[in-house]
Amino acid sequence: MIKLNVNGKELTTEAADDTPLLWVLRDSLNLTGTKFGCGMALCGACTVHIDGTATRSCVLPVSAVAGKKISTIESVAGDPVGKALQDAWIAENVPQCGYCQSGQIMSATALLQQNRKPTDADIDTAMTGNICRCGTYVRIRAAIHRAAAALA
Amino acid sequence: MKNQNDPQDFSIVNAALLPELNRRDLLKGAGLTLAVLGGGSLLNACASTDKNAAPLSASQYLRIGADGTVTVISPNTELGQGSYTGLATLVAEELDADWQQIVIEAAPADVKLFGNPAFGGALQGTGGSTTVAAFWEPMRKAGATARAMLVAAAADKWGVQPGDITVKAGVVSHAGKGKSAKFGELVGAAATQPAPVNARLKEPREFTLIGQPAQRVDARAKSTGTATYTQDIKLPDMLVTMIAYPPRFGGKVKSFDATAAKAMPGVVDVVQFKTPLREGVAVLAKDTFTAKKARDAVKVDWDESSAFVMGSDAIMAQYKALAQKPGLEARKQGDATKALAGAARRLEAHYEFPFLAHAAMEPMNCVVQLSADGCEIWNGEQMHTPDQGTIAKFLNTTPDKIKINMLYAGGSFGRRGNSFADYLLDTVAVAQAGAKGKPVKLVWTREDDMRAGFYRPVYLHAFKVGLDAHGRIIGWQQRIVGQSIVKGSPLDNGAPVDFTSVEGAANMPYAIPNLQVELHTTQLGVPIQWWRSVGSTHTAYAIECFLDEIARATRQDPVELRRTLLADKPRHLAVLNAAAEKSGWGTPLPAGTARGIAIHESFNTVVAEVVEVTRHDKGFKVDRVTCVVDCGIAVNPNIIEMQMESAIIYGLSAAATGAITLKDGHVEQSNFHNYTVLRMNQIPKIEVHILPSTNKPTGVGEPGTPPIGPAVANALSVLTGKTYRQLPFSGAGMHIA
């Protein structure tokens with residue numbers, strides 16, 4: 001039994017120690033907003049925050065995050081930066097298939113939480129780990145700038 | 001590491017609530033309302049005079065509830081291309097509904113009601129960039145018919161003439177009498193009105209929604225992690241299956257050892273299965289990670305006696321040999337052989353294209369629950385009718401017993417529309433072998449998805465072109481070699497020339513007096529299928545690049561050459577000229593930067609793209625893409641822009657780095673480290689210009705893809721003096737920065 005702090009709630013899981021956090025979230029805790037895309041931390045679809053840092057959950061054994069603050073896309077609207085980004089995402093009509101977008105928003109939220117005025121180069125650095133096969137990159141960038149302006 | 005013995009408050013997610021939670025989540029997602037239990041809407045009603053009134057349902061595409069909710073029922077899949085929003089717009093326009101009162105519901109699989117007009121109504125399925133084009137009239141008709149019935153009901157109620165009634169944003173009114181009513185108040189009476197057979201459709205000048213950049217109906221759910229995909233489905237007692245597939249196509253199971261796998265807690269069974277396409281060994285487990293660990297622990301002894309063992313090099317060598325011989329005629333105009341023989345100058349070239357993976361973000365998956373006489377499926381379903389047929393045949397039942405719940409697809413690019421129902425059949429077969437009536441979810445890893453085949457095929461184009469003394473093209477012979485996508489599929493009409501192999505070439509718009517396009521259809525043991533823009537994925541590149549080779553050889557400007565060859569094609573000319581103008585073609589560029597152009601028609605839409613490419617240490621950088629599109633009436637210009645951006649990035653990614661290669665029959669790629677795709681920092685600025693049109697809408701999802709590869713290649717050729725006759729660019733040492 002592993003105790004986890006997820007989105008501000010204390011939860012437990014019976015999952016084995018080596019289960020990646022991604023599958024604990026999705027299968028044990030029914031938090032399916034975080035997605036599976038590659039299993040090798042190459043695509044970013046599984047991005048969550050661990051103690052405020054954007055982290056790929058598909059390669060992170062759940063035993064390693066016991067006691068840490070885990071936040072997922074499900075809690076993002078409760079954070080002013082996350083909410084601003086989600087509003088910007090909708091206003092810019094960012095999503096197409098939408099499957100990568102939870103991870104994109106988690107990476108973008110971490111970026112804006114640390115850097116309120118990101119340049120395009122900052123955005124490149126923070127977001128290059130998140131693949132979008134539908135090519136929404138142009139609008140993701142616009143949405144990040146839009147959210148930054150709204151938060152300024 | 002925290003001390004796990006510290007006392008803490010904790011609560012366990014109440015497992016008993018899970019099925020309920022999942023059902024509500026499914027119903028909430030993106031305003032996607034699943035087929036409602038009984039009549040009426042689950043959404044909270046606003047004030048209505050007749051809460052118990054049956055919904056108005058004047059057509060299979062539309063239902064208006066007593067609470068005013070307008071439910072548009074989409075026959076087609078939302079895979080990111082904006083089909084739900086497009087269809088909703090068509091209905092809402094003619095209905096004069098309030099955009100905020102629209103919800104979208106996935107249609108069940110029922111070809112009689114939901115067949116795609118683009119396929120003569122004989123097939124319910126999404127593909128060929130047809131959704132908005134095919135449903136342009138039927139959806140508008142549905143909206144107009146319901147509107148007429150609401151107006152008739154109001155006219156009766158108020159004792160006025162229908163012609164004096166106005167409808168705007170979901171409100172029906174008669175100014176003279178100061179009367180007004182919301183849709184919901186009128187549905188009961190409207191349902192008793194006769195449905196007009198030919199309800200009037202608006203003229204384009206009357207449009208208030210069509211042509212506007214209305215917000216996507218699925219934007220909120222997809223921005224909040226609440227949209228439901230196949231990957232998210234959880235049903236009571238559901239098992240997860242992961243499969244050990246043969247390492248080579250055509251491999252069979254000789255024997256297997258599941259001892260280690262079965263010993264793992266949570267593993268329910270390990271079964272062998274077989275479909276007409278392939279066989280393998282499947283683990284059935286209680287959760288995904290257990291299924292994966294167990295699958296990886298299964299030892300299979302494969303019989304590879306009939307497996308495909310060729311490599312990519314050998315395939316291309318075989319194709320080159322075939323290209324020496326005449327193929328089946330796909331297009332013949334004049335006498336190309338004679339023209340070539342008499343030409344002052346001849347140019348020849350081979351253009352070579354690798355297998356391509358689709359690599360959608362959501363790996364292929366589905367959920368299947370068998371019943372006594374059929375099954376129920378949850379899937380980002382794209383080919384309802386063929387899949388019902390294929391699965392019914394496998395289960396020895398009838399197609400109507402195959403129920404399909406269509407969900408959002410996390411990308412497809414054609415893959416979910418596999419015409420052989422490959423991953424669906426695997427799951428059905430596994431369920432038969434070991435599920436004992438429980439629902440089964442197939443989960444593919446990225447490796448499974450990348451190695452399962454069903455690629456865009458390898459193709460070779462062999463050109464022989466003859467020029468006269470003035471450098472004009474007088475003869476053009478183009479021989480195409482490759483597998484047939486349509487053969488053996490439910491779409492196979494027996495034609496000897498598979499049109500999907502030659503589209504874009506057999507019907508090329510250029511005025512060439514002696515033109516011959518030929519096809520050699522090959523048979524390889526590698527499963528293949530369509531990929532975004534199908535035949536145009538290779539015909540556009542081959543033709544547009546070779547045309548630029550001719551332009552360079554005859555010292556003609558590439559735009560000028562195309563102008564000459566498109567002289568009698570006003571639609572193409574308009575797109576070409578707009579692209580030249582908007583991109584500043586011919587204006588000076590800094591040293592180390594060059595432009596390239598390509599124009600291509602696919603799915604009845606013409607697209608031209610001009611790129612600016614700069615030399616870079618790694619190879620090159622694409623700075624800017626100017627895209628001009630003529631797609632008829634632009635239903636939602638924002639979505640069209642999104643689709644052009646999408647198609648351009650998708651096509652550029654493939655041209656830059658896309659290749660599935662085989663070595664002795666083994667697929668060499670497995671994940672995004674060796675099948676690399678474009679990322680945020682590699683994307684050019686993209687400007688999209690939609691040409692105004694009064695023609696009916698034509699395809700939008702795919703046509704942006706064909707021109708980008710050749711436009712970039714043409715710019716690279718200006719920069720380096722080399723040709724790029726083999727894709728991807730990375731293979732020639734040209735890496736996209």
# chains A, B, ... in the order shown; residues from 1 in each chain; ligands from 1
call {"tool": "residues_around", "arguments": {"residues": "B:Ala435", "least_positions_apart": "3", "cutoff": "12 Å", "atoms": "only C-alpha atoms", "output": "compact mmCIF listing (two decimals) with C-alpha atoms, in the first residue's frame"}}
result
# COMPACT_ATOMS: atom_id res chain seq x y z
CA ASP B 237 -15.03 -6.35 -14.90
CA MET B 238 -13.02 -5.15 -17.88
CA LEU B 239 -9.79 -6.92 -18.67
CA VAL B 240 -6.81 -5.34 -20.40
CA THR B 241 -5.07 -7.28 -23.11
CA VAL B 267 -2.98 -12.00 -14.79
CA VAL B 268 -6.18 -13.75 -15.74
CA ASP B 269 -5.07 -15.80 -18.74
CA VAL B 270 -2.64 -16.08 -21.62
CA VAL B 271 -4.21 -17.16 -24.90
CA PHE B 273 -5.46 -16.18 -31.11
CA ALA B 282 -2.31 -12.34 -25.71
CA VAL B 283 -2.22 -11.69 -22.01
CA LEU B 284 -5.47 -10.82 -20.27
CA ALA B 285 -4.97 -8.97 -17.00
CA LYS B 286 -6.72 -6.73 -14.53
CA VAL B 367 -12.74 -2.19 -26.16
CA VAL B 368 -14.78 -5.23 -27.16
CA GLN B 369 -17.50 -7.06 -25.31
CA LEU B 370 -18.81 -10.20 -26.92
CA SER B 371 -22.41 -11.22 -26.55
CA THR B 427 -9.36 -7.86 -29.78
CA VAL B 428 -12.43 -9.80 -30.84
CA ALA B 429 -10.31 -12.91 -31.30
CA VAL B 430 -8.66 -12.46 -27.91
CA ALA B 431 -12.03 -11.93 -26.29
CA GLN B 432 -13.29 -15.12 -27.87
CA LYS B 438 -15.97 -9.82 -19.88
CA PRO B 439 -15.17 -6.67 -21.81
CA VAL B 440 -11.62 -6.55 -23.12
CA LYS B 441 -9.56 -3.43 -23.77
CA LEU B 442 -6.68 -3.76 -26.19
call {"tool": "interface_residues", "arguments": {"of": "chain A", "to": "chain B", "cutoff": "7 Å", "atoms": "only C-alpha atoms", "output": "number ranges by chain"}}
result
A: 10-12, 19, 23, 27, 29, 32-33, 37-38, 42, 66-67, 73-74, 86, 89-90, 93, 95-102, 124, 127-128, 131, 133-137
call {"tool": "write_last_selection", "arguments": {"atoms": "N, CA and C atoms", "output": "short mmCIF file (atom, residue, chain, number, x, y, z; two decimals), in the first residue's frame"}}
result
data_model
loop_
_atom_site.label_atom_id
_atom_site.label_comp_id
_atom_site.auth_asym_id
_atom_site.auth_seq_id
_atom_site.Cartn_x
_atom_site.Cartn_y
_atom_site.Cartn_z
N GLU A 10 -5.13 13.03 -0.10
CA GLU A 10 -4.33 11.88 0.31
C GLU A 10 -5.03 10.62 -0.18
N LEU A 11 -4.34 9.90 -1.04
CA LEU A 11 -4.92 8.67 -1.61
C LEU A 11 -3.95 7.52 -1.39
N THR A 12 -4.48 6.32 -1.55
CA THR A 12 -3.58 5.17 -1.47
C THR A 12 -3.78 4.29 -2.69
N THR A 19 5.23 0.11 -10.46
CA THR A 19 4.22 0.59 -11.41
C THR A 19 4.50 2.06 -11.70
N TRP A 23 0.29 4.80 -14.72
CA TRP A 23 -0.72 3.76 -14.69
C TRP A 23 -1.45 3.72 -13.35
N ASP A 27 -5.22 3.86 -14.00
CA ASP A 27 -5.94 2.61 -13.74
C ASP A 27 -6.41 2.48 -12.30
N LEU A 29 -6.48 5.10 -9.85
CA LEU A 29 -7.15 6.28 -9.30
C LEU A 29 -8.16 6.88 -10.27
N THR A 32 -7.97 9.87 -15.64
CA THR A 32 -7.56 9.52 -17.00
C THR A 32 -7.18 10.71 -17.85
N GLY A 33 -7.14 11.89 -17.27
CA GLY A 33 -6.73 13.06 -18.04
C GLY A 33 -5.29 12.99 -18.50
N GLY A 37 1.45 7.83 -24.27
CA GLY A 37 1.79 8.02 -25.69
C GLY A 37 2.98 7.21 -26.14
N CYS A 38 3.95 6.98 -25.22
CA CYS A 38 5.16 6.32 -25.71
C CYS A 38 5.81 5.40 -24.70
N LEU A 42 9.42 10.19 -24.11
CA LEU A 42 9.83 10.88 -25.34
C LEU A 42 8.75 11.82 -25.86
N ALA A 66 5.99 8.68 -3.36
CA ALA A 66 5.25 8.63 -2.12
C ALA A 66 5.61 9.87 -1.31
N GLY A 67 4.61 10.59 -0.84
CA GLY A 67 4.89 11.75 -0.01
C GLY A 67 5.16 13.03 -0.78
N ILE A 73 -3.61 17.17 -14.61
CA ILE A 73 -4.45 18.07 -15.39
C ILE A 73 -5.79 18.32 -14.69
N GLU A 74 -6.24 17.35 -13.93
CA GLU A 74 -7.55 17.49 -13.28
C GLU A 74 -7.57 18.64 -12.28
N GLN A 86 -5.70 27.35 -19.67
CA GLN A 86 -6.85 26.63 -20.24
C GLN A 86 -7.78 27.61 -20.97
N TRP A 89 -6.11 28.36 -24.17
CA TRP A 89 -6.21 27.19 -25.04
C TRP A 89 -7.54 27.19 -25.78
N ILE A 90 -8.61 27.50 -25.04
CA ILE A 90 -9.94 27.48 -25.64
C ILE A 90 -10.10 28.66 -26.58
N ASN A 93 -8.47 28.11 -29.76
CA ASN A 93 -8.86 26.86 -30.44
C ASN A 93 -7.64 25.97 -30.68
N PRO A 95 -6.78 22.77 -29.41
CA PRO A 95 -6.80 21.32 -29.61
C PRO A 95 -7.40 20.87 -30.93
N GLN A 96 -6.82 19.84 -31.50
CA GLN A 96 -7.43 19.15 -32.63
C GLN A 96 -7.88 17.79 -32.15
N CYS A 97 -7.02 16.78 -32.16
CA CYS A 97 -7.47 15.51 -31.60
C CYS A 97 -7.49 15.59 -30.08
N GLY A 98 -6.62 16.43 -29.55
CA GLY A 98 -6.62 16.73 -28.13
C GLY A 98 -5.84 15.80 -27.23
N TYR A 99 -5.36 14.68 -27.79
CA TYR A 99 -4.78 13.65 -26.93
C TYR A 99 -3.51 14.10 -26.22
N CYS A 100 -2.74 14.99 -26.85
CA CYS A 100 -1.47 15.44 -26.25
C CYS A 100 -1.68 16.63 -25.33
N GLN A 101 -2.88 17.20 -25.34
CA GLN A 101 -3.05 18.54 -24.77
C GLN A 101 -2.94 18.58 -23.24
N SER A 102 -3.31 17.52 -22.57
CA SER A 102 -3.13 17.53 -21.11
C SER A 102 -1.65 17.71 -20.78
N ASP A 124 10.23 27.26 -26.63
CA ASP A 124 10.85 26.11 -27.31
C ASP A 124 11.46 25.15 -26.30
N MET A 127 8.82 23.37 -24.08
CA MET A 127 7.75 22.61 -24.73
C MET A 127 8.23 21.57 -25.74
N THR A 128 9.53 21.56 -26.01
CA THR A 128 10.04 20.65 -27.04
C THR A 128 9.86 19.19 -26.67
N ILE A 131 5.23 16.23 -27.81
CA ILE A 131 4.91 16.03 -29.23
C ILE A 131 3.44 16.28 -29.47
N ARG A 133 1.11 15.47 -32.83
CA ARG A 133 1.09 14.96 -34.20
C ARG A 133 0.09 15.70 -35.08
N CYS A 134 -0.83 16.40 -34.44
CA CYS A 134 -1.78 17.20 -35.22
C CYS A 134 -1.21 18.55 -35.60
N GLY A 135 -0.06 18.89 -35.06
CA GLY A 135 0.58 20.15 -35.44
C GLY A 135 -0.06 21.38 -34.83
N THR A 136 -0.45 21.32 -33.57
CA THR A 136 -1.06 22.49 -32.95
C THR A 136 -0.02 23.43 -32.36
N TYR A 137 1.26 23.15 -32.64
CA TYR A 137 2.35 23.93 -32.04
C TYR A 137 2.18 25.44 -32.21
#
call {"tool": "residues_around", "arguments": {"residues": "A:Thr13", "least_positions_apart": "3", "cutoff": "7 Å", "atoms": "only C-alpha atoms", "output": "PyMOL selection string"}}
result
chain A and resi 1-3+28
call {"tool": "write_last_selection", "arguments": {"atoms": "C-alpha atoms", "output": "PDB file, in the first residue's frame"}}
result
ATOM      1  CA  MET A   1       0.000   0.000   0.000  1.00  0.00           C
ATOM      2  CA  ILE A   2       1.500   3.297  -1.115  1.00  0.00           C
ATOM      3  CA  LYS A   3       0.239   6.647   0.093  1.00  0.00           C
ATOM      4  CA  SER A  28      -5.963   2.751  -9.927  1.00  0.00           C
TER       5      SER A  28
END
call {"tool": "residues_around", "arguments": {"residues": "B:Ala321", "least_positions_apart": "4", "cutoff": "12 Å", "atoms": "only C-alpha atoms", "output": "NGL selection string"}}
result
:B and (314-317 or 325-327 or 350 or 460 or 462 or 479 or 481 or 520 or 522)
call {"tool": "write_last_selection", "arguments": {"atoms": "C-alpha atoms", "output": "PDB file, in the first residue's frame"}}
result
ATOM      1  CA  ALA B 314      15.829  -5.346 -51.573  1.00  0.00           C
ATOM      2  CA  ILE B 315      12.286  -4.058 -52.017  1.00  0.00           C
ATOM      3  CA  MET B 316      13.482  -0.954 -53.841  1.00  0.00           C
ATOM      4  CA  ALA B 317      15.865  -2.996 -56.015  1.00  0.00           C
ATOM      5  CA  LYS B 325       9.040  -2.818 -68.053  1.00  0.00           C
ATOM      6  CA  PRO B 326       5.792  -1.217 -69.187  1.00  0.00           C
ATOM      7  CA  GLY B 327       3.057  -1.275 -66.577  1.00  0.00           C
ATOM      8  CA  HIS B 350      13.803   7.781 -60.070  1.00  0.00           C
ATOM      9  CA  LEU B 460       9.011   4.196 -56.803  1.00  0.00           C
ATOM     10  CA  ALA B 462      10.346   6.328 -62.766  1.00  0.00           C
ATOM     11  CA  ARG B 479       5.835   4.679 -64.133  1.00  0.00           C
ATOM     12  CA  VAL B 481       5.561   0.921 -58.649  1.00  0.00           C
ATOM     13  CA  HIS B 520       2.991  -1.808 -61.511  1.00  0.00           C
ATOM     14  CA  THR B 522       3.333  -5.283 -56.348  1.00  0.00           C
TER      15      THR B 522
END
call {"tool": "atom_distance", "arguments": {"atom1": "atom CA of B:Asp296", "atom2": "atom CA of B:Lys252"}}
result
17.7 Å
call {"tool": "residues_around", "arguments": {"residues": "A:Ser75", "least_positions_apart": "3", "cutoff": "12 Å", "atoms": "only C-alpha atoms", "output": "MDAnalysis selection string"}}
result
(chainID A and resid 6:9 31 33:34 48:49 69:72 78:83 86 102 105:106 109) or (chainID B and resid 224:226)
call {"tool": "residues_around", "arguments": {"residues": "B:Glu560", "least_positions_apart": "2", "cutoff": "12 Å", "atoms": "only C-alpha atoms", "output": "PyMOL selection string"}}
result
chain B and resi 547-548+551-552+554-558+562-567+573+576-577+580+585-586+597
call {"tool": "write_last_selection", "arguments": {"atoms": "C-alpha atoms", "output": "PDB file, in the first residue's frame"}}
result
ATOM      1  CA  LEU B 547       8.951  19.646 -62.613  1.00  0.00           C
ATOM      2  CA  ASP B 548      11.435  21.865 -60.802  1.00  0.00           C
ATOM      3  CA  ALA B 551      12.583  24.180 -64.731  1.00  0.00           C
ATOM      4  CA  ARG B 552      16.211  24.317 -63.635  1.00  0.00           C
ATOM      5  CA  THR B 554      15.579  24.799 -69.011  1.00  0.00           C
ATOM      6  CA  ARG B 555      16.333  27.906 -66.937  1.00  0.00           C
ATOM      7  CA  GLN B 556      12.677  28.663 -66.301  1.00  0.00           C
ATOM      8  CA  ASP B 557      11.223  30.146 -63.158  1.00  0.00           C
ATOM      9  CA  PRO B 558       9.263  27.354 -61.391  1.00  0.00           C
ATOM     10  CA  ARG B 562       3.629  26.072 -63.868  1.00  0.00           C
ATOM     11  CA  ARG B 563       1.698  29.075 -65.174  1.00  0.00           C
ATOM     12  CA  THR B 564       2.356  27.904 -68.694  1.00  0.00           C
ATOM     13  CA  LEU B 565       1.312  24.340 -67.959  1.00  0.00           C
ATOM     14  CA  LEU B 566      -1.824  25.414 -66.086  1.00  0.00           C
ATOM     15  CA  ALA B 567      -2.956  27.948 -68.668  1.00  0.00           C
ATOM     16  CA  LEU B 573      -3.880  29.323 -61.723  1.00  0.00           C
ATOM     17  CA  LEU B 576      -0.719  29.478 -57.898  1.00  0.00           C
ATOM     18  CA  ASN B 577      -0.777  33.197 -58.534  1.00  0.00           C
ATOM     19  CA  ALA B 580       3.323  33.661 -55.611  1.00  0.00           C
ATOM     20  CA  TRP B 585       7.928  35.149 -54.947  1.00  0.00           C
ATOM     21  CA  GLY B 586      10.799  36.712 -56.845  1.00  0.00           C
ATOM     22  CA  ILE B 597       6.916  26.062 -54.492  1.00  0.00           C
TER      23      ILE B 597
END
call {"tool": "select_by_dssp", "arguments": {"residues": "stretch 571-618 of chain B", "states": "helix (DSSP H, G or I)", "output": "PyMOL selection string"}}
result
chain B and resi 571-583
call {"tool": "select_by_dssp", "arguments": {"residues": "chain A", "states": "strand (DSSP E)", "output": "mmCIF file with C-alpha atoms, in the first residue's frame"}}
result
data_model
loop_
_atom_site.group_PDB
_atom_site.id
_atom_site.type_symbol
_atom_site.label_atom_id
_atom_site.label_comp_id
_atom_site.auth_asym_id
_atom_site.auth_seq_id
_atom_site.Cartn_x
_atom_site.Cartn_y
_atom_site.Cartn_z
ATOM 1 C CA ILE A 2 1.500 3.297 -1.115
ATOM 2 C CA LYS A 3 0.239 6.647 0.093
ATOM 3 C CA LEU A 4 0.092 9.435 -2.435
ATOM 4 C CA ASN A 5 -0.749 13.112 -2.386
ATOM 5 C CA VAL A 6 -2.600 13.721 -5.616
ATOM 6 C CA LYS A 9 -5.891 14.707 -1.628
ATOM 7 C CA GLU A 10 -4.330 11.883 0.315
ATOM 8 C CA LEU A 11 -4.919 8.667 -1.614
ATOM 9 C CA THR A 12 -3.582 5.175 -1.469
ATOM 10 C CA THR A 13 -2.876 2.548 -4.044
ATOM 11 C CA THR A 47 3.328 15.039 -17.983
ATOM 12 C CA VAL A 48 2.323 15.759 -14.393
ATOM 13 C CA HIS A 49 3.824 18.030 -11.727
ATOM 14 C CA ILE A 50 5.878 16.545 -8.910
ATOM 15 C CA THR A 53 8.176 20.387 -11.560
ATOM 16 C CA ALA A 54 6.895 19.083 -14.882
ATOM 17 C CA THR A 55 7.730 15.375 -14.907
ATOM 18 C CA ARG A 56 7.012 12.451 -17.263
ATOM 19 C CA LYS A 69 2.918 16.613 -4.157
ATOM 20 C CA ILE A 70 1.547 15.220 -7.371
ATOM 21 C CA SER A 71 -0.697 17.387 -9.493
#
call {"tool": "atom_distance", "arguments": {"atom1": "atom CA of B:Ala542", "atom2": "atom CA of B:Lys621"}}
result
21.7 Å
call {"tool": "residues_around", "arguments": {"residues": "A:Leu22", "least_positions_apart": "5", "cutoff": "7 Å", "atoms": "only C-alpha atoms", "output": "CSV table (one decimal) with C-alpha atoms, in the first residue's frame"}}
result
chain,number,residue,atom,x,y,z
A,46,CYS,CA,2.1,11.8,-19.5
A,57,SER,CA,5.0,10.0,-15.3
A,58,CYS,CA,5.3,7.0,-17.6
call {"tool": "closest_residue", "arguments": {"among": "B:Ala511, B:Leu467, B:Val281, B:Leu90", "to": "B:Ala433", "atoms": "only C-alpha atoms"}}
result
B:Val281
